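Working notes for the structure below.
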Amino acid sequence: MSKLDTHFFDIGYMDTLSSQQTSIHQLDPRAKLITSLVFVTTVISFGKYEISALLPYFVFPVFLSTRGNIPSVYLIKKILLVSPFAVMIGIFNPLMDRDILISLGTIGISGGWVSFVSILIRFVLTVGVALTLIAVTGFNAVCMALDKLGTPRVFVVQLIFLYRYMFVLVDEAARMVRARSLRTFEGGGSGLKTFGPMAGHLLLRTLDRAQRIYVAMCCRGFDGEIRILKPLRFSPRDIGFTVGWSALFILMRLFNIPILMGNVFMEFLK
Amino acid sequence: MSHHIVEASDLHYTYADGTPGIRGVSFRITHGESVAIVGENGAGKSTLLLHLNGYLLPTQGTLRIGDYPLTKKNLKAVRRTVGMVFQDADDQLFMPTVYDDVAFGPSNLGLPVEELEIVVTKALETMRVFHLKGRPPYKLSGGEKRSVAIASVLSMSPDILVMDEPTSGLDPRARRRLIEQLKKFEHTKIIASHDLDLAVDVCERTIVIHKGGVTADGPTLEILQDEALLEKSGLEKPLKMQNCPLCGPSNPTSDKSELTIEN
């Protein structure tokens, strides 16, 4: 039960992080969003056995989180929390793909293992950047950027409402779970039998609340459109950030930097 | 000043499942009046309030708000006139930040951005919550939420303020502060509440609702002293009109010596 509460406060912590005033926080949300999108696109566009070329990409999340003053332990914990999804996606690769791809001395490493590791690296990179993006920008500012970049309003408003009421919903669910656990004792009351009605009850409450929110919106002249007001300014700094990083990502996509560096090093040795 | 008038005549409302909400409510509230609508749980207070902003339309009878009879056509005008503060502030504060929330109403009314800022600042300052303007609503305390909810309505400069249980869930000091603020408003005020002490403090007139109908309508002090009426309507005298149960003369068991021992 207490777990639900702690995770909830953890999400709130993301908001606290986003209200800092570092040079990264001061960038236009659109600059950070576009750069992150370029990052994610280039990272996922690699072939399935790629590992070495992905490694230089770590420079971006590390840069964002250190300059943005985001505690790395917090970030790693959050990434681990969702990691089972990535593991589930790649877990069968080593079983399906048994051709030896790399031989390290007598040990052969199959293609399956290589692609599995590749999936995990990509997962850490993309999820890491997504989380850092929210932590250095704030969820609402990311929504605002999406809106300014032409995402349909309906989706943006849905996201904003989702974020706003997630806290209320989690709070309500946590209270229900707490109330139940206070009256459950060993051997009864905590199984699926009560879970069903509770989930149903929560749904009904949510519908009820949605209705009340809608009334509240109508009372204040809601006519189907939410006017989000935040004049955003794209400064030369933002352009520099976006263009510079995006160019680097594309460069790293075109040239395998670790191999290039290795070659240079070998040349040097000769 | 006919546009601040609320007039109900023989208002009936039955819910879709056949449950009667209100039956035959009539009253006339004029400009600048401050009226408490009191009644036990389920008496029909909330149903009545939902009519005042046009969310529910009466199944029988008419309601006039300002210059308009309440019909589907002039809902917008009615909602512009009536500012409604909901019981649960979380329902009302749906925008990402306090500022956005208070700006929601006026921007829907088409206020240009420069004026918007002035209006929002004024509303926030009236409720003394200007320092919260950048905060997300879920990080506010109960009292702060209530103040912001009221500011979000004030920013639309309504002629009539309708409030559903404005003091519920507030600690005594926040409640006292809210009452002081409400007293300063010059709007026509309609306040539904169980908090009869609030009614004594803020409203000079009280309408008692019982089982969907009006059982009394008159000066607050007179009505709330009428024990027979209160008993009939399922209410109790406001605390400040009751003698103190610990030291008051009406309580035969009270004994000052007992008190000193306890202390």
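Here, A, B, ... name the chains of the structure tokens in the order displayed, residue numbers run from 1 inside each chain, and ligands are numbered from 1 in the same displayed order.
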
Give one line per residue of chain A that approaches chain B to at most 6 Å, naming the two atoms of the closest pair and their distance in Å to one decimal, counting only C-alpha atoms; sort by chain then ascending residue number and deliver it as a Markdown table.
| residue | atom | partner | partner_atom | distance |
| --- | --- | --- | --- | --- |
| A:Ile213 | CA | B:Asp91 | CA | 4.8 |
| A:Ala216 | CA | B:Gln92 | CA | 5.5 |
| A:Cys219 | CA | B:Arg79 | CA | 5.5 |
| A:Arg220 | CA | B:Gly105 | CA | 4.6 |
| A:Gly221 | CA | B:Asn108 | CA | 5.6 |

Got time to write the residues from that selection, C-alpha atoms, as a short mmCIF file (atom, residue, chain, number, x, y, z; two decimals), in the first residue's frame?
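The file below, result.cif, is the result:
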data_model
loop_
_atom_site.label_atom_id
_atom_site.label_comp_id
_atom_site.auth_asym_id
_atom_site.auth_seq_id
_atom_site.Cartn_x
_atom_site.Cartn_y
_atom_site.Cartn_z
CA ILE A 213 -15.26 18.99 -13.77
CA ALA A 216 -17.15 23.55 -13.62
CA CYS A 219 -19.66 27.48 -15.74
CA ARG A 220 -16.59 29.37 -16.80
CA GLY A 221 -17.50 29.67 -20.43
#

inquiry  = Need the shell around Leu133 in chain A: protein/DNA/RNA residues with any atom at most 9 Å away, counting only C-alpha atoms. Skip same-chain ones fewer than 5 positions apart. Format as a list in words?
reply    =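 Near Leu133 in chain A, the qualifying residues are Pro29, Lys32, Leu33, Ser36, Pro61, Leu64, Ser65, Gly128, Gly138, Phe139 and Val142 of chain A.
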
task = Apply DSSP to the backbone of this structure and, from range 17-179 of chain B, keep only the residues in strand (DSSP E); write these as JSON, numbers by chain.
result = {"B": [20, 21, 22, 23, 24, 25, 26, 27, 28, 29, 34, 35, 36, 37, 38, 60, 61, 62, 63, 64, 65, 68, 69, 82, 83, 84, 85, 160, 161, 162, 163, 164]}

request  = Apply DSSP to the backbone of this structure and, from range 69-134 of chain B, keep only the residues in alpha helix (DSSP H); write these as a count of residues only.
outcome  = 36

List the spatial neighbours of Ser168 in chain B as a compact mmCIF listing (two decimals) with C-alpha atoms, in the first residue's frame - criterion: any atom at most 9 Å away, only C-alpha atoms, same-chain residues fewer than 6 positions off excluded.
# COMPACT_ATOMS: atom_id res chain seq x y z
CA GLN B 87 -17.78 22.20 -3.01
CA ASP B 88 -14.71 20.20 -4.03
CA ARG B 175 -12.69 29.35 7.71
CA SER B 193 -24.21 25.40 3.59
CA HIS B 194 -24.61 23.23 6.65
CA ASP B 195 -22.46 25.73 8.45

ask   = Quick one: residues within 9 Å of range 58-71 of chain B, only C-alpha atoms counted, chain neighbours fewer than 2 positions away excluded, as a ChimeraX atom specification?
value = /B:1-14,23-26,51-54,56,73-75,77-78,81-82,159

Next, the residues of the selection above should be written as a short mmCIF file (atom, residue, chain, number, x, y, z; two decimals), in the first residue's frame with C-alpha atoms.
data_model
loop_
_atom_site.label_atom_id
_atom_site.label_comp_id
_atom_site.auth_asym_id
_atom_site.auth_seq_id
_atom_site.Cartn_x
_atom_site.Cartn_y
_atom_site.Cartn_z
CA MET B 1 -30.23 47.12 -11.42
CA SER B 2 -32.44 44.31 -12.58
CA HIS B 3 -29.51 42.28 -13.81
CA HIS B 4 -28.48 41.12 -10.35
CA ILE B 5 -31.82 39.56 -9.58
CA VAL B 6 -32.47 35.86 -9.15
CA GLU B 7 -36.10 34.93 -9.25
CA ALA B 8 -37.49 31.42 -9.01
CA SER B 9 -41.16 30.74 -9.31
CA ASP B 10 -42.59 27.31 -8.59
CA LEU B 11 -39.42 25.52 -9.58
CA HIS B 12 -39.69 21.75 -9.94
CA TYR B 13 -37.02 19.31 -10.89
CA THR B 14 -37.23 15.54 -11.13
CA ARG B 23 -40.61 20.63 -5.74
CA GLY B 24 -42.16 24.03 -5.91
CA VAL B 25 -39.37 26.37 -4.85
CA SER B 26 -40.05 30.09 -5.17
CA HIS B 51 -30.17 25.35 -11.65
CA LEU B 52 -28.65 28.71 -10.89
CA ASN B 53 -25.85 28.17 -13.41
CA GLY B 54 -28.08 26.47 -15.92
CA LEU B 56 -30.01 21.68 -14.81
CA LYS B 73 -30.35 29.72 -25.59
CA ASN B 74 -29.00 32.16 -23.07
CA LEU B 75 -26.92 29.78 -21.00
CA ALA B 77 -25.15 34.96 -20.66
CA VAL B 78 -26.39 33.32 -17.47
CA THR B 81 -23.58 36.54 -14.69
CA VAL B 82 -23.39 33.75 -12.14
CA ASP B 159 -22.70 39.81 -10.65
#

Long-range neighbours of range 210-225 of chain B as a ChimeraX atom specification, 10 Å cut-off, only C-alpha atoms, 4 positions minimum in chain = /B:10-13,20-27,35-45,47-48,196-197,199-206,229-230,232-238,241-242

Any chance you could export the current selection's C-alpha atoms as a short mmCIF file (atom, residue, chain, number, x, y, z; two decimals), in the first residue's frame?
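Produced file result17.cif, reproduced below:
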data_model
loop_
_atom_site.label_atom_id
_atom_site.label_comp_id
_atom_site.auth_asym_id
_atom_site.auth_seq_id
_atom_site.Cartn_x
_atom_site.Cartn_y
_atom_site.Cartn_z
CA ASP B 10 -42.59 27.31 -8.59
CA LEU B 11 -39.42 25.52 -9.58
CA HIS B 12 -39.69 21.75 -9.94
CA TYR B 13 -37.02 19.31 -10.89
CA PRO B 20 -37.76 14.33 -7.06
CA GLY B 21 -34.98 16.89 -6.57
CA ILE B 22 -36.90 20.04 -5.75
CA ARG B 23 -40.61 20.63 -5.74
CA GLY B 24 -42.16 24.03 -5.91
CA VAL B 25 -39.37 26.37 -4.85
CA SER B 26 -40.05 30.09 -5.17
CA PHE B 27 -37.97 33.04 -4.06
CA VAL B 35 -28.64 34.70 1.15
CA ALA B 36 -27.92 31.41 2.87
CA ILE B 37 -29.62 28.29 1.59
CA VAL B 38 -29.67 25.80 4.42
CA GLY B 39 -31.07 22.34 4.75
CA GLU B 40 -30.18 18.84 5.85
CA ASN B 41 -28.28 16.40 3.63
CA GLY B 42 -30.32 15.50 0.60
CA ALA B 43 -32.75 18.39 1.07
CA GLY B 44 -32.17 19.59 -2.49
CA LYS B 45 -29.67 22.41 -1.96
CA THR B 47 -29.94 20.48 -7.06
CA LEU B 48 -31.18 24.02 -6.60
CA LEU B 196 -25.20 27.76 10.08
CA ASP B 197 -22.66 29.90 11.90
CA ALA B 199 -24.97 31.93 7.62
CA VAL B 200 -25.22 34.05 10.77
CA ASP B 201 -21.96 35.81 9.97
CA VAL B 202 -22.30 36.43 6.25
CA CYS B 203 -25.95 36.30 5.26
CA GLU B 204 -28.70 38.57 6.41
CA ARG B 205 -31.33 36.34 4.84
CA THR B 206 -31.83 32.60 5.01
CA LEU B 229 -38.82 25.35 12.54
CA LEU B 230 -35.24 24.08 12.70
CA LYS B 232 -39.00 20.38 11.53
CA SER B 233 -36.40 21.00 8.81
CA GLY B 234 -33.86 18.60 10.24
CA LEU B 235 -31.47 21.34 11.38
CA GLU B 236 -29.86 22.41 14.61
CA LYS B 237 -29.28 25.82 16.06
CA PRO B 238 -25.97 27.39 15.09
CA MET B 241 -26.62 30.60 19.40
CA GLN B 242 -26.47 27.61 21.70
#

key: Of the listed residues A:Leu125, A:Leu251, A:Leu169, A:Ile119, that which approaches Ala86 in chain A most closely, counting only C-alpha atoms   =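 Checking each candidate against Ala86 in chain A, we get A:Ile119 as the closest.
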